[in-house]
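Asks: Before anything else, here's the structure in question.
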Amino acid sequence: MTDSSTADEAPICSARGCRAPAVWALRWNNPRLHDPERRKTWLACPQHRTSLGDFLDARGFLREVAPLPGSHTLEP
Ligand SMILES: [Zn+2]
């Protein structure tokens, strides 16, 4: 069980076992499971942006990669 009561928590990378702050949002869609307009989102740290993106891209699921809103590391 995860304690979800903590407010203002930084988003964490979706890669398995990774606890790094996420700075990318990978939006994807599995046409066999989802409506065409639907988007699932994986969060990625800089280190896993490529591996997660390649995983989705290899299956033809990846739709777009966007900087995570509110990410402090990408602000000037
Ligand atoms: Zn990561």
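In the structure tokens, each chain is lettered A, B, ... as it comes, each chain's residues begin at 1, and ligands are numbered from 1 in order of appearance.
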List all protein, DNA and RNA residues that have any atom at most 12 Å from ligand 1, counting only C-alpha atoms and all ligand atoms, and write the list as a PyMOL selection string.

Replies: chain A and resi 11-25+42-53

Asks: Among chain A, which residues does DSSP mark as alpha helix (DSSP H) when it is run on the backbone? Keep the chain and numbering as in the structure and answer as a list of chain:residue names.

Replies: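 Filtering chain A to alpha helix (DSSP H) leaves A:Arg49, A:Thr50, A:Ser51, A:Leu52, A:Gly53, A:Asp54, A:Phe55, A:Leu56, A:Asp57, A:Ala58.
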
Asks: If you run DSSP on the backbone here, which positions in chain A get strand (DSSP E or B)? Please write them as an NGL selection string.

Replies: :A and (12 or 21 or 24-28 or 40-44 or 62-67)

Asks: Take atom CA of Phe61 of chain A and atom CA of Glu9 of chain A and report the distance between them in Å, one decimal.

Replies: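 Calculated distance between atom CA of Phe61 of chain A and atom CA of Glu9 of chain A is 28.2 Å.
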
Asks: If you measure from atom CA of Asp54 of chain A to atom CA of Asp35 of chain A, what distance in Å do you get, rounded to one decimal?

Replies: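 Taking atom CA of Asp54 of chain A as the start and atom CA of Asp35 of chain A as the end point, the length is 21.9 Å.
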
Asks: Rounded to one decimal in Å, what is the spacing between atom CA of Ala66 of chain A and atom CA of Arg32 of chain A?

Replies: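 About the pair atom CA of Ala66 of chain A and atom CA of Arg32 of chain A: they are 23.5 Å apart.
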
Asks: Neighbours of Trp28 of chain A within 7 Å (only C-alpha atoms; same-chain residues fewer than 6 positions away dropped), as number ranges by chain?

Replies: A: 39-41, 61-64
